[in-house]
Every structure is written in C-alpha cells, then in structure tokens.
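Next up, query.cif (mmCIF, C-alpha atoms and all ligand atoms):
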```
data_my_file
#
loop_
_atom_site.label_atom_id
_atom_site.label_comp_id
_atom_site.auth_asym_id
_atom_site.auth_seq_id
_atom_site.Cartn_x
_atom_site.Cartn_y
_atom_site.Cartn_z
CA MET A 52 91.12 130.84 98.32
CA ASN A 53 91.51 129.16 94.90
CA LYS A 54 88.29 127.48 93.84
CA THR A 55 87.62 124.77 91.31
CA MET A 56 84.87 125.09 88.66
CA SER A 57 82.46 123.37 91.05
CA GLY A 58 83.05 126.12 93.62
CA LYS A 59 84.92 123.79 95.94
CA PRO A 60 88.35 124.90 97.22
CA ALA A 61 91.23 123.71 95.00
CA PRO A 62 92.99 120.78 96.69
CA VAL A 63 96.23 121.53 98.52
CA TYR A 64 98.09 118.36 99.38
CA VAL A 65 100.47 118.79 102.31
CA ASP A 66 100.59 115.22 103.61
CA ASN A 67 103.78 114.21 101.81
CA ALA A 68 105.22 112.56 104.91
CA ALA A 69 102.44 109.97 104.57
CA THR A 70 103.00 109.51 100.85
CA SER A 71 104.15 111.89 98.14
CA PHE A 72 101.66 113.42 95.73
CA PRO A 73 101.74 114.11 92.87
CA LYS A 74 104.31 111.73 91.41
CA PRO A 75 106.65 112.97 88.67
CA PRO A 76 105.12 112.41 85.20
CA GLU A 77 107.77 109.81 84.30
CA VAL A 78 106.70 107.65 87.25
CA VAL A 79 103.05 107.71 86.14
CA GLU A 80 104.06 107.06 82.53
CA THR A 81 106.36 104.16 83.51
CA VAL A 82 103.74 102.41 85.62
CA CYS A 83 100.85 102.92 83.19
CA SER A 84 102.74 101.93 80.06
CA LEU A 85 104.22 98.88 81.71
CA LEU A 86 100.93 97.48 82.97
CA GLY A 87 99.42 97.64 79.52
CA GLY A 88 102.67 96.88 77.72
CA ILE A 89 104.30 93.62 78.79
CA SER A 90 103.75 90.63 81.07
CA LEU A 91 105.35 91.18 84.46
CA SER A 92 107.19 88.09 85.63
CA PRO A 93 110.93 88.73 85.79
CA GLY A 94 113.62 86.08 86.00
CA ARG A 95 111.20 83.22 85.47
CA ALA A 96 111.52 82.62 81.72
CA ALA A 97 113.83 83.36 78.80
CA HIS A 98 111.23 85.16 76.68
CA ARG A 99 111.55 88.85 75.88
CA TYR A 100 108.96 90.14 78.33
CA SER A 101 110.54 88.33 81.24
CA LEU A 102 114.01 89.54 80.23
CA GLU A 103 112.71 93.10 79.86
CA CYS A 104 111.24 92.88 83.35
CA SER A 105 114.54 91.66 84.79
CA ARG A 106 116.30 94.60 83.15
CA ILE A 107 113.80 97.08 84.62
CA ILE A 108 114.34 95.66 88.10
CA PHE A 109 118.11 95.68 87.65
CA ASP A 110 117.97 99.34 86.55
CA ALA A 111 115.93 100.28 89.63
CA ARG A 112 118.48 98.52 91.87
CA GLU A 113 121.28 100.42 90.15
CA GLU A 114 119.50 103.76 90.65
CA LEU A 115 119.10 103.05 94.36
CA ALA A 116 122.71 101.87 94.69
CA GLY A 117 123.79 105.13 93.06
CA LEU A 118 121.63 107.20 95.41
CA PHE A 119 122.97 105.49 98.55
CA ASN A 120 126.57 105.08 97.36
CA CYS A 121 126.43 101.31 97.52
CA ALA A 122 129.11 99.78 95.28
CA ASP A 123 127.24 96.54 94.54
CA SER A 124 123.55 96.92 93.67
CA SER A 125 122.88 93.25 94.47
CA ARG A 126 123.16 94.28 98.15
CA ILE A 127 119.77 95.94 97.73
CA ALA A 128 116.69 93.76 98.20
CA PHE A 129 113.16 94.90 97.37
CA THR A 130 110.30 94.62 99.84
CA GLY A 131 106.72 95.90 99.91
CA ASN A 132 107.58 98.96 102.03
CA VAL A 133 109.94 100.11 104.77
CA THR A 134 107.87 98.30 107.40
CA GLU A 135 108.67 94.99 105.73
CA ALA A 136 112.31 96.03 105.30
CA LEU A 137 112.64 96.88 109.02
CA ASN A 138 110.91 93.66 110.04
CA ALA A 139 113.21 91.70 107.69
CA GLY A 140 116.17 93.37 109.38
CA ILE A 141 115.10 93.12 113.02
CA PHE A 142 113.61 89.60 112.95
CA GLY A 143 116.18 88.45 110.39
CA LEU A 144 119.05 89.29 112.74
CA PHE A 145 117.46 87.46 115.64
CA GLY A 146 119.08 84.06 116.04
CA GLY A 147 122.10 85.25 114.04
CA LYS A 148 123.84 88.43 115.19
CA LEU A 149 121.16 89.02 117.82
CA HIS A 150 120.49 86.55 120.64
CA PRO A 151 118.29 86.35 123.74
CA GLY A 152 119.79 88.59 126.43
CA ASP A 153 121.39 91.00 123.93
CA HIS A 154 120.94 94.73 124.19
CA VAL A 155 119.45 97.04 121.56
CA ILE A 156 119.37 100.84 121.50
CA THR A 157 116.68 102.83 119.73
CA THR A 158 115.13 106.30 120.09
CA ALA A 159 111.89 107.74 121.37
CA LEU A 160 111.20 109.10 117.89
CA GLU A 161 110.74 105.71 116.26
CA HIS A 162 107.76 104.77 114.15
CA ASN A 163 105.82 101.68 115.20
CA SER A 164 107.44 99.82 112.30
CA VAL A 165 110.55 99.79 114.50
CA MET A 166 108.98 99.90 117.96
CA ARG A 167 106.54 97.04 117.51
CA PRO A 168 109.05 94.43 116.27
CA LEU A 169 111.46 95.55 119.00
CA ARG A 170 108.81 95.40 121.73
CA TYR A 171 107.84 91.93 120.49
CA LEU A 172 111.43 90.71 120.77
CA GLU A 173 111.85 92.46 124.11
CA LYS A 174 109.08 90.23 125.41
CA HIS A 175 109.60 87.04 123.44
CA GLY A 176 113.38 87.15 122.76
CA PRO A 177 113.92 88.39 125.30
CA LEU A 178 116.08 91.36 124.33
CA SER A 179 116.78 94.32 126.54
CA ILE A 180 116.06 97.71 124.98
CA SER A 181 117.29 101.20 125.88
CA ILE A 182 115.62 104.25 124.44
CA LEU A 183 117.54 107.40 123.59
CA PRO A 184 115.35 110.15 125.02
CA VAL A 185 113.94 113.10 123.11
CA ASN A 186 114.14 116.72 124.27
CA GLU A 187 111.23 119.18 124.32
CA ASN A 188 112.07 120.21 120.74
CA GLY A 189 111.48 116.68 119.53
CA GLU A 190 115.17 115.99 118.90
CA VAL A 191 117.03 112.87 120.04
CA ALA A 192 119.46 113.48 122.90
CA MET A 193 122.49 112.09 121.07
CA GLU A 194 124.81 112.96 123.96
CA GLU A 195 123.19 110.09 125.89
CA LEU A 196 124.46 107.45 123.44
CA PRO A 197 127.83 106.69 125.14
CA ARG A 198 126.02 106.21 128.47
CA LEU A 199 123.60 103.69 126.94
CA LEU A 200 126.15 101.62 125.02
CA ARG A 201 126.96 98.32 126.78
CA ASP A 202 129.33 95.44 126.09
CA ASN A 203 126.38 93.42 124.80
CA THR A 204 124.81 96.16 122.64
CA ARG A 205 124.44 94.36 119.33
CA LEU A 206 122.12 96.68 117.45
CA ILE A 207 121.22 100.37 117.19
CA VAL A 208 118.03 101.15 115.25
CA VAL A 209 117.31 104.77 114.48
CA ASN A 210 115.10 106.97 112.42
CA HIS A 211 117.06 109.37 110.14
CA VAL A 212 114.30 112.00 109.97
CA SER A 213 111.35 112.08 112.34
CA ASN A 214 107.93 111.83 110.71
CA VAL A 215 106.50 113.77 113.67
CA THR A 216 108.90 116.66 114.23
CA GLY A 217 111.08 116.68 111.12
CA ALA A 218 114.18 116.48 113.35
CA VAL A 219 117.26 115.10 111.59
CA LEU A 220 119.51 112.64 113.40
CA ASP A 221 123.28 112.67 112.98
CA ILE A 222 123.61 109.18 111.48
CA ALA A 223 127.31 109.57 110.66
CA GLY A 224 127.92 110.51 114.33
CA ILE A 225 126.22 107.30 115.47
CA GLY A 226 128.12 105.36 112.81
CA ARG A 227 131.38 106.64 114.30
CA ARG A 228 130.42 105.84 117.90
CA LYS A 229 128.57 102.54 117.52
CA GLY A 230 131.51 100.29 118.39
CA GLU A 231 130.73 96.63 117.60
CA ALA A 232 126.99 97.19 117.37
CA LEU A 233 125.21 97.05 114.02
CA LEU A 234 123.54 100.24 112.79
CA MET A 235 120.11 99.94 111.19
CA VAL A 236 118.57 103.12 109.78
CA ASP A 237 114.93 103.84 108.97
CA ALA A 238 115.26 106.22 106.03
CA ALA A 239 111.51 106.43 105.34
CA GLN A 240 111.44 110.23 105.61
CA SER A 241 114.98 111.06 104.49
CA ALA A 242 115.65 108.99 101.36
CA GLY A 243 115.24 111.28 98.37
CA VAL A 244 115.73 114.49 100.38
CA PHE A 245 118.86 114.12 102.54
CA PRO A 246 122.18 112.64 101.42
CA ILE A 247 122.67 109.05 102.53
CA ASP A 248 126.03 107.37 102.04
CA VAL A 249 126.03 103.88 103.50
CA GLU A 250 129.83 103.73 103.51
CA GLU A 251 130.55 107.15 104.96
CA MET A 252 127.79 106.80 107.57
CA ASN A 253 128.86 103.26 108.49
CA ILE A 254 125.32 101.90 108.02
CA ASP A 255 124.85 98.12 108.20
CA LEU A 256 121.23 98.02 107.12
CA LEU A 257 119.38 100.88 105.45
CA ALA A 258 115.60 100.48 105.17
CA PHE A 259 113.69 102.67 102.71
CA THR A 260 110.17 103.01 101.43
CA GLY A 261 109.37 103.75 97.80
CA HIS A 262 106.25 105.88 98.01
CA LYS A 263 107.41 108.93 99.95
CA SER A 264 110.28 111.16 98.77
CA LEU A 265 111.56 108.53 96.31
CA PHE A 266 108.31 109.15 94.37
CA GLY A 267 107.55 105.48 93.69
CA PRO A 268 104.11 103.87 94.02
CA PRO A 269 102.86 102.43 97.33
CA GLY A 270 103.91 98.81 97.75
CA SER A 271 107.55 99.46 96.92
CA GLY A 272 110.57 99.66 99.21
CA GLY A 273 113.58 97.68 100.30
CA PHE A 274 116.80 97.52 102.20
CA TYR A 275 120.54 97.73 101.70
CA LEU A 276 122.55 95.12 103.60
CA ARG A 277 126.27 95.53 104.21
CA PRO A 278 128.43 92.87 102.46
CA GLY A 279 129.21 89.99 104.82
CA LEU A 280 126.05 90.48 106.85
CA MET A 281 123.26 87.92 106.56
CA LEU A 282 119.65 87.86 107.75
CA ARG A 283 117.36 84.90 108.22
CA PRO A 284 114.83 85.53 105.40
CA LEU A 285 111.26 86.32 106.46
CA LYS A 286 109.94 84.29 103.53
CA MET A 287 111.25 81.56 101.26
CA GLY A 288 110.05 80.32 97.91
CA GLY A 289 110.50 80.69 94.18
CA THR A 290 113.16 83.09 93.01
CA GLY A 291 113.64 81.98 89.42
CA SER A 292 117.21 81.02 90.40
CA ASN A 293 118.65 77.67 91.59
CA SER A 294 115.30 76.03 90.83
CA GLU A 295 116.88 72.56 90.95
CA THR A 296 117.18 72.80 94.73
CA GLU A 297 114.58 72.96 97.49
CA ILE A 298 116.90 75.15 99.55
CA GLN A 299 116.55 78.93 99.42
CA PRO A 300 119.47 80.53 97.48
CA ASP A 301 122.04 81.98 99.88
CA PHE A 302 122.99 84.98 97.75
CA MET A 303 121.56 88.47 97.51
CA PRO A 304 119.16 89.67 96.41
CA ASP A 305 117.41 86.33 95.73
CA LEU A 306 117.76 85.21 99.36
CA TYR A 307 115.25 87.90 100.42
CA GLU A 308 113.08 88.16 97.31
CA ALA A 309 111.01 84.97 97.14
CA GLY A 310 107.81 85.21 95.12
CA THR A 311 106.90 87.18 92.00
CA PRO A 312 107.96 90.74 92.75
CA ASN A 313 105.97 93.94 92.43
CA THR A 314 107.55 94.86 89.09
CA LEU A 315 105.15 97.77 88.58
CA GLY A 316 106.07 99.24 91.94
CA ILE A 317 109.78 98.64 91.46
CA ALA A 318 109.70 100.15 87.96
CA GLY A 319 107.88 103.22 89.28
CA LEU A 320 110.37 103.43 92.14
CA GLY A 321 113.26 103.24 89.67
CA ALA A 322 111.72 106.10 87.67
CA GLY A 323 111.18 108.07 90.90
CA VAL A 324 114.77 107.63 92.03
CA GLY A 325 115.90 108.60 88.53
CA PHE A 326 113.87 111.80 88.89
CA VAL A 327 115.43 112.49 92.31
CA ARG A 328 118.97 111.96 91.01
CA ARG A 329 118.45 114.12 87.94
CA THR A 330 116.80 116.90 89.94
CA GLY A 331 119.41 116.67 92.68
CA LEU A 332 118.97 116.22 96.43
CA THR A 333 120.16 119.76 97.07
CA ALA A 334 117.55 121.32 94.78
CA ILE A 335 114.80 119.17 96.29
CA ARG A 336 115.85 119.87 99.87
CA GLU A 337 116.31 123.60 99.33
CA HIS A 338 112.87 123.95 97.77
CA GLU A 339 111.17 122.05 100.60
CA GLN A 340 113.23 123.93 103.17
CA ARG A 341 112.22 127.29 101.74
CA LEU A 342 108.53 126.38 101.92
CA CYS A 343 108.95 125.06 105.44
CA ASN A 344 110.68 128.27 106.58
CA LEU A 345 107.96 130.37 104.98
CA PHE A 346 105.36 128.35 106.83
CA LEU A 347 107.20 128.52 110.16
CA ASP A 348 107.69 132.27 109.79
CA GLY A 349 104.02 132.77 108.99
CA LEU A 350 102.92 130.66 111.95
CA GLN A 351 104.70 133.01 114.33
CA SER A 352 102.17 135.74 113.69
CA LEU A 353 99.14 133.47 114.21
CA ASN A 354 97.49 133.55 117.61
CA GLY A 355 96.99 130.32 119.49
CA VAL A 356 99.26 128.12 117.32
CA THR A 357 101.91 126.04 119.11
CA VAL A 358 104.61 124.46 116.95
CA PHE A 359 106.47 121.33 118.11
CA GLY A 360 109.88 120.50 116.71
CA PRO A 361 113.47 121.66 116.30
CA ALA A 362 114.35 125.23 117.28
CA ALA A 363 115.13 127.76 114.53
CA GLY A 364 118.44 127.05 112.85
CA ARG A 365 118.50 123.34 113.79
CA PRO A 366 118.53 120.79 110.94
CA ARG A 367 115.03 119.72 109.98
CA ALA A 368 112.88 118.33 107.21
CA ALA A 369 109.74 120.06 105.88
CA VAL A 370 107.50 118.36 108.45
CA VAL A 371 105.72 120.66 110.90
CA SER A 372 103.63 119.46 113.85
CA LEU A 373 101.34 121.98 115.53
CA ARG A 374 98.31 122.51 117.71
CA VAL A 375 95.67 125.23 117.64
CA LYS A 376 94.47 126.45 121.03
CA GLY A 377 90.97 125.39 121.95
CA LYS A 378 90.53 123.08 118.95
CA SER A 379 91.03 119.35 118.71
CA GLU A 380 93.54 118.05 116.18
CA SER A 381 90.92 116.03 114.32
CA GLU A 382 88.59 119.05 114.22
CA ILE A 383 91.34 121.15 112.59
CA ALA A 384 92.29 118.47 110.07
CA HIS A 385 88.64 117.90 109.18
CA ALA A 386 87.93 121.62 108.72
CA LEU A 387 91.11 122.11 106.68
CA ASP A 388 90.01 119.39 104.28
CA ARG A 389 86.29 120.10 104.06
CA GLU A 390 86.35 123.89 104.05
CA PHE A 391 89.75 124.76 102.59
CA GLY A 392 90.70 121.71 100.51
CA ILE A 393 93.89 121.29 102.56
CA MET A 394 94.97 117.72 103.25
CA VAL A 395 97.07 117.12 106.40
CA ARG A 396 97.36 114.33 108.94
CA ALA A 397 96.23 114.63 112.54
CA GLY A 398 96.94 112.25 115.42
CA LEU A 399 99.91 110.23 116.61
CA HIS A 400 101.49 109.45 113.23
CA CYS A 401 102.24 105.85 114.35
CA ALA A 402 104.89 107.24 116.72
CA PRO A 403 103.31 107.30 120.21
CA ALA A 404 106.65 107.55 122.06
CA ALA A 405 107.51 110.76 120.21
CA HIS A 406 104.24 112.33 121.31
CA ARG A 407 104.72 111.13 124.89
CA ALA A 408 108.15 112.79 124.90
CA MET A 409 106.76 116.10 123.60
CA GLY A 410 103.71 116.05 125.87
CA THR A 411 101.29 115.75 122.94
CA PHE A 412 100.06 112.24 123.74
CA ALA A 413 97.25 111.03 123.34
CA HIS A 414 95.67 113.40 120.81
CA GLY A 415 98.87 114.10 118.91
CA THR A 416 99.32 117.05 116.59
CA VAL A 417 98.23 118.34 113.20
CA ARG A 418 101.06 117.61 110.77
CA PHE A 419 101.81 119.62 107.62
CA SER A 420 104.43 118.02 105.38
CA PHE A 421 105.60 119.85 102.26
CA GLY A 422 106.96 118.10 99.21
CA PHE A 423 108.88 119.01 96.08
CA PHE A 424 105.69 119.78 94.14
CA ASN A 425 104.26 122.18 96.71
CA THR A 426 104.39 125.91 96.02
CA GLU A 427 104.50 129.16 97.97
CA ALA A 428 100.81 129.55 97.14
CA ASP A 429 100.15 126.27 99.01
CA VAL A 430 101.96 127.61 102.07
CA ALA A 431 99.97 130.85 101.90
CA ALA A 432 96.72 128.85 101.68
CA CYS A 433 97.68 126.84 104.77
CA LEU A 434 98.50 129.98 106.75
CA ARG A 435 95.26 131.73 105.73
CA ALA A 436 93.19 128.71 106.69
CA LEU A 437 94.90 128.32 110.08
CA ASP A 438 94.44 132.02 110.74
CA GLU A 439 90.74 131.79 110.03
CA LEU A 440 90.27 128.61 112.07
CA GLY A 441 92.21 130.10 114.98
CA ARG A 442 89.93 133.16 115.07
CA ARG A 443 86.70 131.15 115.37
C1 LIG B 501 109.74 107.20 109.93
C2 LIG B 501 108.82 106.20 109.31
N1 LIG B 501 109.10 104.89 109.42
C3 LIG B 501 108.30 103.98 108.87
C4 LIG B 501 107.18 104.31 108.16
C5 LIG B 501 106.31 103.24 107.56
O1 LIG B 501 106.28 103.38 106.18
P1 LIG B 501 105.56 102.30 105.25
O2 LIG B 501 104.11 102.37 105.64
O3 LIG B 501 105.82 102.76 103.88
O4 LIG B 501 106.15 100.98 105.56
C6 LIG B 501 106.85 105.65 108.02
C7 LIG B 501 105.63 106.05 107.28
O5 LIG B 501 104.75 106.69 107.70
C8 LIG B 501 107.69 106.63 108.60
O6 LIG B 501 107.43 107.93 108.50
#
```

Here is the file; what I need is its structure written in the form of structure tokens.
Ligand SMILES: Cc1ncc(COP(=O)(O)O)c(C=O)c1O
Amino acid sequence: MNKTMSGKPAPVYVDNAATSFPKPPEVVETVCSLLGGISLSPGRAAHRYSLECSRIIFDAREELAGLFNCADSSRIAFTGNVTEALNAGIFGLFGGKLHPGDHVITTALEHNSVMRPLRYLEKHGPLSISILPVNENGEVAMEELPRLLRDNTRLIVVNHVSNVTGAVLDIAGIGRRKGEALLMVDAAQSAGVFPIDVEEMNIDLLAFTGHKSLFGPPGSGGFYLRPGLMLRPLKMGGTGSNSETEIQPDFMPDLYEAGTPNTLGIAGLGAGVGFVRRTGLTAIREHEQRLCNLFLDGLQSLNGVTVFGPAAGRPRAAVVSLRVKGKSESEIAHALDREFGIMVRAGLHCAPAAHRAMGTFAHGTVRFSFGFFNTEADVAACLRALDELGRR
C-alpha cells in the first residue's frame, strides 16, 4: 500500500461517477484566475469585464455544441446541474407537449432526478407512466419498447449510462423507434466519455451535468433543446436582454437563463469540455475501459465478491457495483476509506428502482467508478484491499 509522509494510506479516488476528481489543470487554472481576475456579471453592462464574461460563456456553449453535434449553440441553456436540466425539461413540457392523461415511458435504471419529477406528475398531472424493465445484469430490456409504446405516448425519458451498473443504453435505437414521442436523455454519466450526437440519435432534449466526465466544477450543467421545441421556463427574471419589457424573452438561451449565471462554473465547464475534445472521447473511454476490465478480471479471483452489471463483452462504462459476502456495504466503504485510503460510494446511488430490479434493495452495493486520471496502480490497490477485507 502506498503511504503518505504521515503514514496514512495515499488517497485513491474511485468515486468519479459521483463527481470527477482531480480536474484537469486548465479547469483549476480557469476557475481560480477568473475569480481573482474580473467581475463576473455577463450580458448586463457594456464594460470590458462584462463583455469578457459574455465571451467566456459563449465559448463554453460552443464547446458543448461541438461535443454534442448541435449546429446552433444557442440551443444549449445552462443550469446548475443535470437535476435542474431534467426538471426544466419534464416540468417545462407539462402544459405544452405533455398534458394530463398522456403517457410517458422511462426505465428502471433512472436516477431520482428523473423518477421523482415523473412520480410527482404521475400523481398530480396525472400522467401515466410505463417502466422499461431491467434484466438481472442491470441492463434495460429494450425489446420491450414496442410493447409499451401507445398512441398517447408523448415522452420517453432515459438514462444513457447507468450510474449503478454502468450499462449503456442504445439511444440511437430508441431515437429510431420513438415515433411521435419526444426523447429526453439523461447524459449525466455518458457526456465526456461516450459519443453523443443529438441529430443522429434523434434526441429532443439532452440533459448534462458539468462536474462528472465533463470535468467542470459542481454547480454547472445544462440542456440542449431541439429547434422548434419550447419549454415553460422554471424561472423568470433578469436576462440582460429585452430589459424594456416585463415579459420573459421567448428566445434561447435567455428564455431559460434568468438570473446572474454561474460564470465560474460555466467557464470551468468550458475548459473541461475543451480538455475532453482535445484528448478525444476514444482515448478517454479506452483508458477507463482498460482499468475497468483489469478490475473486473481481478475481481474474478477474489472469494466472496459478487459483481452486478452487464455480462462480459456487453457495452459498459467504468462503473462497477459489487457486494462482499458477509459484510455490509457501508462497512466495506468505511473500511476502504479509513484503512486503505480508497474512496467509493456505498448504498442506493439515488436509483432505488435499479437496485430493486437487481435484488440489491435496500442496502444497495459498493460502487467503484474509474475516471480518466485513475491508474493501473489504483486498480491494484482496490483489488488488494478487497482481497484483504474479504478474508477477514
Ligand atoms: C444518471 C444520473 N442522473 C442524474 C444525476 C444527478 O446529477 P446532479 O447531482 O449533478 O444533478 C446523477 C448523479 O449522480 C446521475 O448519475
């Protein structure tokens, strides 16, 4: 075990599905230099700091548009995170494209940031909701989609990559089969690792968070909205545009961006997306994949470890959920941190339906999630620690 000068184990961060760490140096540099460098109120004045801020935000929008193949970057609106983006999408459609009595399809792998708004509207809309089931490998049973589609299915909301099992959903396949329904995608775990092309995949609303594989700071995120589609904004207020009127502007992105934005977060996100695009999705994915395969291979020789998730050879992200026989999930996570310096996340990962489907409710699993800055030595440390804990 690597030790620090104080004799404590060197930290090994493998909780990248929660938030990525470390951030690329240019993200840290961007955020730090900006906070001490200029005032941060874009689009509100004609002075140089305000103009500089507007340019930084425009550049970040352009980076994201490039990453998602969106021709017009003004179709991207910034929010505080993907939760806000999904809420803006789900509640924003209600009363417009989505009406009481309409039908929505989602999956059993969804995060509560999708499930809770949908369950709210199921009760108070009311909407009717069908759930695409999940098989024992934690993958969505896509073959069930045609059976669930109805004449009044107006919306399909799906997770691109599961934060519990790492399973990857065939978004383009849903895009081809969705009929008249709108397709909303939660790209929290996939953006920055897997290719996302809003045109090719026929996505109507893509929700992303800044602080995971896009390497931005927490408090950054947003959504892409297909041209021609409109949401009722969750908030209204000052935008720095059309200030002569008391009516919210009806054009993007201002329609959804009332209030002084998180310029620091957006600037960091822009730098993070720049890093992703320069490094290349393939290089990032292949590195994470290699570490994940090493880990999965190593787990096979450990006694008492059960892994939940896609079978070998199936598409997956570097997210591995497991249990250790005879030990509680919180006990394992606690020992990994305190004794081995290894940071993971135990529990339900805000996705109770996924755990119900896999039979791991209510205690959940211990989740290891590898990121671009992890190394083979990190994987080896995780395997050694699990081996030792399993033997106790
Ligand atoms: C699949 C998925 N959706 C949504 C979220 C919520 O992300 P945020 O807290 O950034 O809004 C997460 C984060 O854990 C996630 O993994």

Problem - Polymer residues at most 7 Å from segment 377-384 of chain A, all atoms listed in the file, same-chain spacing of 4 or more positions, as a PyMOL selection string - result: chain A and resi 388+395-398+414+416-417

Take the residues from that selection and write them out as a PDB file, in the coordinates of the input, keeping C-alpha atoms.
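Everything below was put into result_26.pdb:
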```pdb
ATOM      1  CA  ASP A 388      90.010 119.390 104.280  1.00  0.00           C
ATOM      2  CA  VAL A 395      97.070 117.120 106.400  1.00  0.00           C
ATOM      3  CA  ARG A 396      97.360 114.330 108.940  1.00  0.00           C
ATOM      4  CA  ALA A 397      96.230 114.630 112.540  1.00  0.00           C
ATOM      5  CA  GLY A 398      96.940 112.250 115.420  1.00  0.00           C
ATOM      6  CA  HIS A 414      95.670 113.400 120.810  1.00  0.00           C
ATOM      7  CA  THR A 416      99.320 117.050 116.590  1.00  0.00           C
ATOM      8  CA  VAL A 417      98.230 118.340 113.200  1.00  0.00           C
TER       9      VAL A 417
END
```

Practice task
For each of A:Ala242, A:Leu285, A:Val324, A:Leu233, take the minimum atom-to-atom distance to Lys74 of chain A, counting all atoms listed in the file, then give the residue where this is smallest.
Solution key: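 Nearest to Lys74 of chain A: A:Val324.
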
Handout entry: Surroundings of ligand LIG 501 (chain B) up to 6 Å, based on only C-alpha atoms and all ligand atoms, as a list of chain:residue names
Key =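 Checked against 6 Å with only C-alpha atoms and all ligand atoms; the hits are A:Ala69, A:Asn132, A:Val133, A:Thr134, A:His162, A:Ser164, A:Asn210, A:Ser213, A:Asn214, A:Asp237, A:Ala239, A:Gln240, A:Thr260.
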
Practice task
Go ahead and compute the interatomic distance for atom CA of Val358 of chain A and atom CA of Ser71 of chain A, in Å to one decimal.
Solution key: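 A separation of 22.6 Å between them.
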
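Picture a line from atom CA of Arg283 of chain A to atom CA of Ser101 of chain A; it runs 28.0 Å.
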
Practice task
Name the residues within 9 Å of (114.0, 112.6, 125.3), counting all atoms listed in the file in the file's coordinates, and put them as a list in words.
Solution key: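 Nearby residues: Thr158, Ala159, Leu160, Ile182, Leu183, Pro184, Val185, Asn186, Glu187, Gly189, Glu190, Val191, Ala192, Ala405, Ala408 and Met409 of chain A.
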
Exercise for the section: Might you pull out every residue within 8 Å of segment 166-174 of chain A, with all atoms listed in the file counted and same-chain residues fewer than 4 positions away left off, and present them as a PyMOL selection string? Expected result: chain A and resi 138+141-142+161-162+178-180
